[in-house]
Number of protein chains: 2
Amino acid sequence: MFRKLLSFDEAKQLLRQTFSAKPVGIEQVSISKAHDRVLAQDVVAPMNIPPFTRSIVDGYAVKAVDTFGASEDKPVSLMFCGHVAIGESPNVVVENGLVAEIVTGAPLPEGADSVVMVEYTTRQKDNVFVHRPVSIGENLMAAGSDIRKSETVLKKGRFLASREIGVLAAIGLTEVTVYKRPKVAVLSTGSEVVEPGKVLSPGKIYDINAHTLSAAVLETGGEPINLGIIPDERGSLKKALETALSSADAVITSGGVSVGPKDFTPQVVDSLGKPGVIISGVAVKPGKPITIAVVDGKPVFSLPGNPTSSLFMFNVFVRPILVKLAGRTEEELPTLKAVAAKKMFPARGRRTFVMVNLAYDKTGTLLVSPVPTGLSGAITTLAKADGFVEISEKQQFVDAGTEIDVYLFGKFRKSETS
Amino acid sequence: MFRKLLSFDEAKQLLRQTFSAKPVGIEQVSISKAHDRVLAQDVVAPMNIPPFTRSIVDGYAVKAVDTFGASEDKPVSLMFCGHVAIGESPNVVVENGLVAEIVTGAPLPEGADSVVMVEYTTRQKDNVFVHRPVSIGENLMAAGSDIRKSETVLKKGRFLASREIGVLAAIGLTEVTVYKRPKVAVLSTGSEVVEPGKVLSPGKIYDINAHTLSAAVLETGGEPINLGIIPDERGSLKKALETALSSADAVITSGGVSVGPKDFTPQVVDSLGKPGVIISGVAVKPGKPITIAVVDGKPVFSLPGNPTSSLFMFNVFVRPILVKLAGRTEEELPTLKAVAAKKMFPARGRRTFVMVNLAYDKTGTLLVSPVPTGLSGAITTLAKADGFVEISEKQQFVDAGTEIDVYLFGKFRKSETS
């Protein structure tokens with residue numbers, strides 16, 4: 001069992017080398033349920049779109065040659081031969097000298113090769129006067145001009161939002177092959193934690209992590225299986241982890257990875273399969289006691305009990321793996337440049353992530369400062385933060401007045417900071 | 001019935017004046033279902049967090065006064081009086097001269113006012129030697145120091161993500177009051193459209209809009225009720241709209257708002273209640289034929305049949321209303337500055353939105369150019385676009401080489417544009 005405290009970069013690299021995160025599977029879903037999913041296969045059009053050549057204006061379908069020389073003063077006179085309705089197969093043929101009335105979206109009738117806009121025509125009963133010439137193909141959308149049959153319309157890996165679902169509907173698909181949502185078991189350990197809603201006896205606190213981590217799993221495109229609080233006892237933990245590993249693609253525990261006498265989580269995890277624990281502590285703040293194992297091809301993340309540390313370690317170590325299991329591209333957090341309002345220091349020898357708030361000063365400068373409560377056990381630290389700054393273990397400090405990158409939690413809304 | 005073609009700004013203003021969009025209601029949801037919802041009430045803490053003063057280190061609970069003068073060379077000797085476990089009520093009292101062993105997170109026992117870290121102690125059976133003094137309160141997290149009882153921990157309007165759900169769990173809540181998701185009925189009209197999956201007879205195309213608009217409703221925090229395709233006949237449309245208005249908070253139709261003979265949607269909508277149609281056509285491209293009505297307090301948006309126009313009009317007119325019905329803050333689309341690769345013109349007298357693609361040229365300049373297929377009926381126009389640029393009806397053109405703002409659809413991923 002590996003016990004060296006790795007640097008942040010070493011830990012990230014070792015995890016990448018030991019566990020190759022790939023999508024957990026594929027499934028078919030209805031296009032009405034496909035929103036927010038990721039395509040697992042290229043989508044090839046089974047048909048042309050539009051399926052037929054259609055008019056893009058209201059007017060008259062003609063042979064272009066019949067309109068040559070038409071002008072405002074000297075219109076060409078053509079003979080009405082019928083009407084083409086939208087949604088119907090035309091029952092007219094436009095021979096030379098004839099026109100068929102046509103509406104936007106209706107199929108071009110046989111014989112016609114263009115459409116004159118109604119604005120450039122006048123009509124007296126069956127005589128239609130064309131005041132402007134058109135060229136072949138004018139005012140038409142040719143069959144297959146939007147999507148050609150056998151064309152790849154959407155590529156594997158594409159995230160499906162409203163626009164993409166429109167493309168799927170256009171080519172008549174009712175189902176689509178997407179990556180499965182990875183199932184992620186989430187469990188809390190620790191004899192001090194109690195499920196919210198239950199009575200809190202002295203010395204107990206409500207469990208936070210199973211709830212924050214389940215929500216965080218949702219945010220990565222995964223499906224959380226919240227196993228709740230596991231009694232602080234080897235046998236129960238082992239059984240819960242075995243259940244978790246048999247039903248989920250990844251497991252996240254929190255609590256029980258400090259150095260206290262009851263912190264047997266790493267040993268239990270290590271006993272469940274190979275290679276077992278690969279990372280046992282990382283030189284990072286917050287979150288140093290994080291333990292990461294791979295058990296028979298499934299990652300098991302044992303995060304600290306402290307809610308801020310645990311959610312933060314989720315973001316830096318767990319999220320990058322889960323997005324890959326979900327077939328997603330990792331979304332980089334949005335960043336802003338801001339000016340340090342105070343000098344900030346890294347914890348000695350550790351990659352340090354400082355939770356920060358942003359605020360404009362009177363001159364309009366965007367200032368960044370650490371979230372006031374520096375207490376490591378504070379759940380509000382994360383909730384109050386607009387984002388964080390990363391300070392390398394090699395850096396001595398970030399001086400007040402220097403510009404630094406701020407990673408944002410979601411969007412920075414000016415109104416929320418005032 | 002109002003028939004003047006309004007400018008884009010006039011239409012937006014008239015809509016704001018006529019329909020005051022407010023959250024449609026509130027409901028209680030479990031915190032496990034609260035992710036992605038919006039708080040409808042301030043959340044006030046019913047208790048202190050932490051509920052008791054706890055140690056933030058492993059060590060010994062002491063009276064600080066007993067450690068005064070302690071040093072590496074001259075440690076103070078105190079007497080072990082018991083152990084305080086995590087999650088339990090302490091059964092010891094720390095009198096002068098005594099220490100109680102304590103672990104991180106355990107409650108401070110009666111009598112003690114601080115904790116000495118285990119690193120600064122040595123122990124011989126029941127004699128604990130303290131090598132450094134501590135001050136009152138040291139290594140403690142005081143009851144209520146994270147969250148104070150009766151404090152407002154999360155404000156009405158706050159979007160609930162993992163961090164916020166952690167705060168709700170911390171204070172023991174199992175349910176939370178959020179804004180209801182507005183129900184939005186979506187229906188397509190037009191005799192040419194057929195539900196995807198069905199056989200496409202000549203002249204027909206698959207319905208796209210009911211699917212794109214339903215997905216777009218989801219993206220705004222609403223709950224789509226997809227009523228599918230309504231037969232192109234007054235009676236059916238009227239019945240469908242009555243059903244939609246009785247079951248939903250807002251209605252979106254598409255198709256049937258051009259000038260063709262069958263475009264009776266505006267008349268039917270106008271007959272359903274007061275004030276009826278307020279906007280009938282807007283000087284905008286794409287989407288000019290958009291019709292907006294308010295029927296007995298519910299907005300009815302009649303969008304063009306063209307999929308790109310209809311989804312685009314959704315974004316500019318419908319989305320701002322739906323987010324307010326959902327109690328959300330409108331998220332501004334992310335913008336980028338880019339250099340126009342080509343001269344771009346507005347449609348005469350109309351606010352023009354040009355779908356564009358972004359690409360870096362060889363010098364690393366981010367260039368913006370219109371999506372190649374300019375065909376107005378192309379479903380792929382939107383799907384292929386990275387975003388759009390807005391050109392005012394008062395502007396003559398955007399010259400090639402000038403820098404302009406590009407509004408992005410979702411995130412601009414460099415990899416997707418190459």
# chains A, B, ... in the order shown; residues from 1 in each chain; ligands from 1
$ residues_around --residues "Ser369 (chain B)" --least-positions-apart "6" --cutoff "7 Å" --atoms "only C-alpha atoms" --output "list in words"
Ala340, Ala341, Lys342, Val356, Asn357 and Leu358 of chain B
$ write_last_selection --atoms "N, CA and C atoms" --output "compact mmCIF listing (two decimals), in the first residue's frame"
# COMPACT_ATOMS: atom_id res chain seq x y z
N ALA B 340 -14.48 40.53 -38.12
CA ALA B 340 -15.33 40.13 -39.24
C ALA B 340 -14.45 39.71 -40.42
N ALA B 341 -14.66 38.49 -40.90
CA ALA B 341 -13.89 37.99 -42.04
C ALA B 341 -14.46 38.54 -43.34
N LYS B 342 -15.74 38.90 -43.31
CA LYS B 342 -16.42 39.41 -44.50
C LYS B 342 -17.28 40.60 -44.09
N VAL B 356 -23.15 32.70 -37.22
CA VAL B 356 -21.73 32.78 -37.62
C VAL B 356 -20.91 31.60 -37.12
N ASN B 357 -19.78 31.44 -37.76
CA ASN B 357 -18.76 30.50 -37.29
C ASN B 357 -17.51 31.27 -36.92
N LEU B 358 -16.81 30.69 -35.98
CA LEU B 358 -15.55 31.28 -35.53
C LEU B 358 -14.40 30.37 -35.94
$ residues_around --residues "Ser247 (chain B)" --least-positions-apart "3" --cutoff "9 Å" --atoms "only C-alpha atoms" --output "list in words"
Lys183, Val184, Ala185, Ile225, Glu242, Thr243 and Ala244 of chain B
$ interface_residues --of "chain A" --to "chain B" --cutoff "6 Å" --atoms "only C-alpha atoms" --output "PyMOL selection string"
chain A and resi 86-89+107+146+162-166+169-170+172-174+191-192+196-197+202-204+206+208+212+215-216+378+383
$ residues_around --residues "Ile290 (chain B)" --least-positions-apart "5" --cutoff "7 Å" --atoms "only C-alpha atoms" --output "MDAnalysis selection string"
chainID B and resid 257 280:282 302:304
$ atom_distance --atom1 "CA of Gln124 (chain A)" --atom2 "CA of Asn96 (chain A)"
19.1 Å
$ select_by_dssp --residues "region 248-359 of chain B" --states "helix (DSSP H, G or I)" --output "list of chain:residue names"
B:Thr265, B:Pro266, B:Gln267, B:Val268, B:Val269, B:Asp270, B:Pro307, B:Thr308, B:Ser309, B:Ser310, B:Leu311, B:Phe312, B:Met313, B:Phe314, B:Asn315, B:Val316, B:Phe317, B:Val318, B:Arg319, B:Pro320, B:Ile321, B:Leu322, B:Val323, B:Lys324, B:Leu325
$ atom_distance --atom1 "CA of Lys298 (chain A)" --atom2 "CA of Ser30 (chain A)"
29.0 Å
$ atom_distance --atom1 "CA of Gly137 (chain B)" --atom2 "CA of Thr121 (chain B)"
17.9 Å
$ residues_around --residues "region 318-324 of chain B" --least-positions-apart "5" --cutoff "9 Å" --atoms "only C-alpha atoms" --output "VMD selection string"
chain B and resid 16 19 to 24 182 184 216 to 217 220 to 222 250 252 299 301 313 329 to 331
$ write_last_selection --atoms "C-alpha atoms" --output "compact mmCIF listing (two decimals), in the first residue's frame"
# COMPACT_ATOMS: atom_id res chain seq x y z
CA ARG B 16 -42.49 43.90 -21.15
CA PHE B 19 -46.94 40.97 -19.68
CA SER B 20 -45.22 41.14 -16.33
CA ALA B 21 -43.46 37.80 -16.03
CA LYS B 22 -43.39 36.49 -12.46
CA PRO B 23 -42.61 33.07 -11.00
CA VAL B 24 -45.58 30.74 -11.58
CA PRO B 182 -43.31 26.67 -15.52
CA VAL B 184 -44.91 25.33 -21.35
CA ALA B 216 -35.18 24.82 -25.40
CA VAL B 217 -37.90 24.99 -22.72
CA THR B 220 -34.68 27.64 -19.44
CA GLY B 221 -35.81 25.63 -16.39
CA GLY B 222 -39.30 24.97 -17.73
CA ALA B 250 -47.24 29.67 -21.46
CA ILE B 252 -45.53 28.23 -27.98
CA PRO B 299 -48.28 34.51 -23.01
CA PHE B 301 -45.86 32.91 -28.76
CA MET B 313 -37.08 33.89 -31.97
CA THR B 329 -32.00 35.23 -13.39
CA GLU B 330 -31.49 35.46 -17.11
CA GLU B 331 -28.11 34.17 -18.02
